[in-house]
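See structure below.
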Amino acid sequence: PEPPEGGWGWVVMLAAMWCNGAVFGIQNSCGVLFVSMLRLFGSSEDKQLVFKTAWVSSLSMGMVFFCSPIVSVFTDLFGCRKVAVIGAAVGLVGLLSSSFVSTIEPLYFTYGILFACGCSFAYQPSLVILGHYFKKRLGLVNGIVTAGSSLFTVSLPFLLRVLIDSVDLYKTLRLLCILMFVLFLAGFTYKPLVPNTKDKEGGKKGKFKLPPAKKICNFSVFKVLSYRIWAFGIPAALFGYFVPYVHLMNHVKDRFGDSVPEEVLLLCLGITSGVGRLIFGRVADYIPGAKKIYLQVASFFFIGLMSMMIPLCKVFGALVAVCLFMGLFDGCFICIMAPIAFELVGAQDVSQAIGFLLGLMSVPMTVGPPIAGLLRDKLGTYDVAFYLAGVPPLIGGAILCFIPWVHERQKLKERAKPVDGETTEKMLENESTLVSDTTEKPVKELDSGF
């Protein structure tokens with residue numbers, strides 16, 4: 001059905017906005033939790049402390065994306081509402097159980113896997129359900145929804161700092177469970193307008209049979225060359241993307257000590273990221289077709305450049321300016337993910353297209369922060385880590401430049417196919433008429449002869 005462009009869709013938009021805020025607000029505030037974990041679980045004798053602790057946050061963020069292909073399958077089978085509600089419940093259990101550990105190792109499972117998997121199952125349906133209610137305003141709505149994570153990223157670091165200082169890390173994690181409980185309730189608003197596979201296969205009989213494997217895992221999206229380039233170009237750009245979120249707080253402590261409020265940097269990232277999502281989400285609505293990719297190209301270029309400038313900042317004010325620019329283009333990159341997916345593969349395959357992309361993104365986002373932590377442990381400084389973190393976005397942005405050209409060529413080929421089919425049919429019709437004419441003429445001659 002045609003999207004209503006509003007109505008109940010505005011309630012769904014607010015629920016999806018809370019989802020983005022709760023999931024990525026906690027994930028992006030990992031720098032504050034990271035410093036607290038170092039202090040709580042670390043010891044001066046452990047020479048790989050930063051490396052081991054970084055795995056908690058990076059594994060959590062990586063698993064959010066790694067589970068996405070599986071989530072897309074479940075979303076197609078059972079619908080957005082059930083998947084989102086169950087995911088929020090699992091995330092709540094994972095976060096609550098993280099508040100009862102006594103060493104760093106159990107957090108790899110409770111926070112890095114269980115909590116993150118729940119977040120993944122809650123997050124992806126929030127992207128898919130928006131396409132049920134909006135089409136013309138999809139860019140704007142995606143900008144508003146993804147701005148939810150910016151609002152939480154702005155406020156949570158300060159709240160977490162106050163909570164950790166006044167109580168402790170364990171009770172802080174239990175209080176964060178409130179966000180997940182509200183997310184659990186928000187999932188019930190995802191009323192689907194497009195029937196899921198269970199409804200289609202069940203039909204009037206009310207019995208659900210699993211569809212063929214080809215329908216469950218729709219790898220046909222990889223036949224689209226422009227999507228294939230996008231799905232591998234984005235992960236190539238993200239090896240250094242999550243490094244500042246994990247290590248920036250610790251880098252500030254190394255360079256400036258406790259004399260500066262390092263949470264201000266996350267505040268700057270969050271504010272300008274929200275502004276970027278609102279502005280570029282609306283701008284994307286006016287850019288036709290796959291040319292929206294150029295916004296992501298520009299964002300990766302500036303993100304890479306800003307990452308390389310972090311070690312060059314000798315005063316705290318310069319670091320604030322860098323974070324303001326980085327947040328702005330971070331918002332640009334994130335808010336147009338779903339609109340680009342709709343452009344490249346169409347609405348029918350968008351769920352699994354987004355799922356496969358997020359799954360591929362999980363590898364670089366998981367690997368990047370621990371490597372940066374290892375470099376810090378070996379070299380005693382984050383400088384080399386931030387320089388290297390800026391290289392992949394530049395390479396990934398260069399790869400993405402080819403997508404609009406490739407996509408236009410694909411569209412021209414698709415337009416040419418029906419034309420060729422029509423001309424072939426006309427030729428066959430002409431041949432059939434010629435054959436009928438030649439057979440009729442002798443018959444007439446014979447008739448006249450008798």
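We label chains A, B, ... in the order they appear in the structure tokens, count residues from 1 in each chain, and number ligands from 1 in the order shown.
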Residues at most 9 Å from Ile144 (chain A), counting only C-alpha atoms, excluding those fewer than 6 positions away in the same chain, as a ChimeraX atom specification? /A:13-14,17,274,277-278,281,335
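Residues in contact with Ser97 (chain A) at up to 10 Å, not including ones fewer than 6 positions away on its chain and judged by only C-alpha atoms, are Gly91, Pro106, Leu107, Phe109, Thr110, Tyr111, Leu114, Phe115, Tyr170, Leu173 and Arg174 of chain A.
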Atoms kept (N, CA and C atoms) for selection, written as a JSON list (two decimals), in the first residue's frame:
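Output saved as out.json:
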[["chain", "number", "residue", "atom", "x", "y", "z"],
["A", 91, "GLY", "N", 17.93, -7.21, 25.48],
["A", 91, "GLY", "CA", 18.88, -6.16, 25.84],
["A", 91, "GLY", "C", 18.77, -5.76, 27.29],
["A", 106, "PRO", "N", 33.48, -11.47, 32.22],
["A", 106, "PRO", "CA", 32.05, -11.72, 31.99],
["A", 106, "PRO", "C", 31.35, -10.62, 31.19],
["A", 107, "LEU", "N", 31.89, -9.41, 31.22],
["A", 107, "LEU", "CA", 31.28, -8.31, 30.46],
["A", 107, "LEU", "C", 31.36, -8.55, 28.96],
["A", 109, "PHE", "N", 30.51, -11.17, 27.51],
["A", 109, "PHE", "CA", 29.26, -11.86, 27.15],
["A", 109, "PHE", "C", 28.03, -11.02, 27.51],
["A", 110, "THR", "N", 27.93, -10.56, 28.77],
["A", 110, "THR", "CA", 26.71, -9.88, 29.22],
["A", 110, "THR", "C", 26.49, -8.56, 28.51],
["A", 111, "TYR", "N", 27.55, -7.74, 28.41],
["A", 111, "TYR", "CA", 27.44, -6.42, 27.78],
["A", 111, "TYR", "C", 27.81, -6.48, 26.30],
["A", 114, "LEU", "N", 25.21, -10.23, 24.81],
["A", 114, "LEU", "CA", 23.78, -10.32, 25.13],
["A", 114, "LEU", "C", 23.07, -8.98, 25.01],
["A", 115, "PHE", "N", 23.60, -7.96, 25.65],
["A", 115, "PHE", "CA", 23.01, -6.62, 25.56],
["A", 115, "PHE", "C", 23.03, -6.10, 24.13],
["A", 170, "TYR", "N", 28.06, -0.20, 38.86],
["A", 170, "TYR", "CA", 27.04, -1.24, 38.89],
["A", 170, "TYR", "C", 25.63, -0.65, 38.98],
["A", 173, "LEU", "N", 24.55, 1.08, 35.72],
["A", 173, "LEU", "CA", 24.06, 0.15, 34.69],
["A", 173, "LEU", "C", 22.62, -0.26, 34.97],
["A", 174, "ARG", "N", 22.28, -0.42, 36.27],
["A", 174, "ARG", "CA", 20.90, -0.78, 36.62],
["A", 174, "ARG", "C", 19.93, 0.35, 36.30]]
Between A:Met308, A:Ala54, A:Ala338, A:Ala318, which has the minimum distance to Val32 (chain A) (counting only C-alpha atoms)? A:Ala54
Can you list, as a PyMOL selection string, every protein, DNA or RNA residue that comes within 10 Å of Val162 (chain A) when you count only C-alpha atoms, leaving out same-chain residues fewer than 6 positions away? chain A and resi 156+168+172
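Rounded to one decimal, CA of Leu267 (chain A) and CA of Met180 (chain A) lie 21.9 Å from each other.
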Taking only C-alpha atoms into account, which of A:Gln48, A:Val275, A:Cys19, A:Met61 comes nearest Leu379 (chain A)? A:Gln48
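Residues with any atom within 6 Å of region 322-332 of chain A, counting only C-alpha atoms and excluding same-chain neighbours fewer than 2 positions away, are A:Cys268, A:Leu269, A:Thr272, A:Ser273, A:Gly276, A:Arg277, A:Phe280, A:Ser299, A:Ile303, A:Met306, A:Leu319, A:Val320, A:Ile334, A:Cys335.
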Measuring atom to atom with only C-alpha atoms, identify which of A:Gln352, A:Ser166, A:Ser29, A:Ser220 is nearest to Phe74 (chain A). A:Gln352
Separation of CA of Tyr123 (chain A) from CA of Val11 (chain A) in Å: 16.2 Å
Among region 5-112 of chain A, which ones does DSSP assign to alpha helix (DSSP H) (computed from the backbone)? Answer as a PyMOL selection string. chain A and resi 9-28+30-41+49-66+68-78+80-98+105-109
How would the residues just chosen look if you wrote them out with C-alpha atoms as a tab-separated table (two decimals), in the first residue's frame?
chain	number	residue	atom	x	y	z
A	9	GLY	CA	3.40	7.11	11.53
A	10	TRP	CA	4.28	10.09	13.75
A	11	VAL	CA	3.88	7.88	16.86
A	12	VAL	CA	6.04	5.24	15.20
A	13	MET	CA	8.61	7.93	14.41
A	14	LEU	CA	8.80	8.97	18.09
A	15	ALA	CA	9.16	5.32	19.18
A	16	ALA	CA	11.91	4.77	16.62
A	17	MET	CA	13.57	7.98	17.80
A	18	TRP	CA	13.63	6.64	21.38
A	19	CYS	CA	15.08	3.38	20.06
A	20	ASN	CA	17.96	5.15	18.32
A	21	GLY	CA	18.54	7.27	21.41
A	22	ALA	CA	18.56	4.40	23.89
A	23	VAL	CA	20.70	2.07	21.78
A	24	PHE	CA	23.30	4.45	20.40
A	25	GLY	CA	23.18	6.90	23.28
A	26	ILE	CA	24.52	4.13	25.53
A	27	GLN	CA	26.93	2.85	22.87
A	28	ASN	CA	28.33	6.31	22.08
A	30	CYS	CA	31.09	4.12	26.10
A	31	GLY	CA	34.05	6.48	26.59
A	32	VAL	CA	32.78	7.37	30.08
A	33	LEU	CA	32.06	3.72	30.89
A	34	PHE	CA	35.48	2.76	29.47
A	35	VAL	CA	37.35	5.06	31.87
A	36	SER	CA	35.26	3.75	34.78
A	37	MET	CA	36.00	0.12	33.80
A	38	LEU	CA	39.72	0.87	33.63
A	39	ARG	CA	39.59	2.24	37.17
A	40	LEU	CA	37.34	-0.51	38.57
A	41	PHE	CA	38.80	-3.66	36.97
A	49	LEU	CA	44.76	-3.21	30.22
A	50	VAL	CA	43.54	-0.73	27.58
A	51	PHE	CA	43.51	-3.40	24.89
A	52	LYS	CA	41.43	-5.85	26.96
A	53	THR	CA	38.99	-3.22	28.24
A	54	ALA	CA	38.44	-1.77	24.75
A	55	TRP	CA	37.04	-5.13	23.66
A	56	VAL	CA	33.95	-4.64	25.84
A	57	SER	CA	32.76	-1.51	24.02
A	58	SER	CA	33.94	-2.48	20.56
A	59	LEU	CA	32.44	-5.97	20.84
A	60	SER	CA	29.14	-4.41	21.90
A	61	MET	CA	29.02	-1.97	18.99
A	62	GLY	CA	30.21	-4.65	16.57
A	63	MET	CA	27.53	-7.13	17.65
A	64	VAL	CA	24.80	-4.53	17.12
A	65	PHE	CA	25.73	-4.60	13.43
A	66	PHE	CA	26.93	-8.21	13.19
A	68	SER	CA	21.75	-7.36	11.50
A	69	PRO	CA	21.54	-9.95	8.66
A	70	ILE	CA	19.87	-12.38	11.08
A	71	VAL	CA	17.58	-9.62	12.38
A	72	SER	CA	16.51	-8.76	8.83
A	73	VAL	CA	15.47	-12.39	8.25
A	74	PHE	CA	13.42	-12.45	11.47
A	75	THR	CA	11.90	-9.06	10.58
A	76	ASP	CA	10.77	-10.37	7.19
A	77	LEU	CA	9.39	-13.55	8.76
A	78	PHE	CA	7.64	-12.24	11.88
A	80	CYS	CA	8.86	-5.41	13.02
A	81	ARG	CA	6.76	-5.37	16.21
A	82	LYS	CA	7.58	-8.85	17.55
A	83	VAL	CA	11.27	-8.62	16.72
A	84	ALA	CA	11.65	-5.17	18.32
A	85	VAL	CA	9.83	-6.14	21.54
A	86	ILE	CA	11.78	-9.37	22.03
A	87	GLY	CA	15.06	-7.60	21.22
A	88	ALA	CA	14.45	-4.91	23.83
A	89	ALA	CA	13.66	-7.59	26.43
A	90	VAL	CA	16.93	-9.44	25.69
A	91	GLY	CA	18.88	-6.16	25.84
A	92	LEU	CA	17.32	-5.38	29.21
A	93	VAL	CA	18.42	-8.78	30.58
A	94	GLY	CA	21.95	-8.30	29.23
A	95	LEU	CA	22.37	-4.83	30.72
A	96	LEU	CA	20.95	-5.89	34.08
A	97	SER	CA	23.22	-8.94	34.29
A	98	SER	CA	26.23	-6.71	33.48
A	105	GLU	CA	35.79	-11.06	31.34
A	106	PRO	CA	32.05	-11.72	31.99
A	107	LEU	CA	31.28	-8.31	30.46
A	108	TYR	CA	32.39	-9.68	27.09
A	109	PHE	CA	29.26	-11.86	27.15
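The gap separating CA of Ala116 (chain A) from CA of Ala353 (chain A) is 20.4 Å, in Å to one decimal.
Here the question is which of A:Val297, A:Val367, A:Val145, A:Ile287 gets nearest to Trp230 (chain A) using only C-alpha atoms, and that residue is A:Val297.
Residues in contact range of region 385-388 of chain A, defined as at most 10 Å between only C-alpha atoms, with sequence neighbours fewer than 4 positions away removed, read Phe239, Gly240, Val243, Pro244, His247, Leu248, His251, Gly304, Leu305, Met306, Ser307, Met308, Met309, Ile310, Pro311, Leu312, Gly368, Pro369, Ile371, Ala372, Gly373, Leu374, Leu375, Arg376, Leu379, Thr381 and Pro392 of chain A.
Residue neighbourhood of Glu408 (chain A), excluding near-sequence residues (fewer than 4 positions): Ser226, Gly289, Ala290, Lys291, Ile403, Pro404, Leu412, Lys413 and Glu414 of chain A, at 10 Å, using only C-alpha atoms.
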Pick out the closest residue to Ala284 (chain A) from this set: A:Asp165, A:Glu343, A:Glu5, A:Asp383. Count only C-alpha atoms. A:Glu343
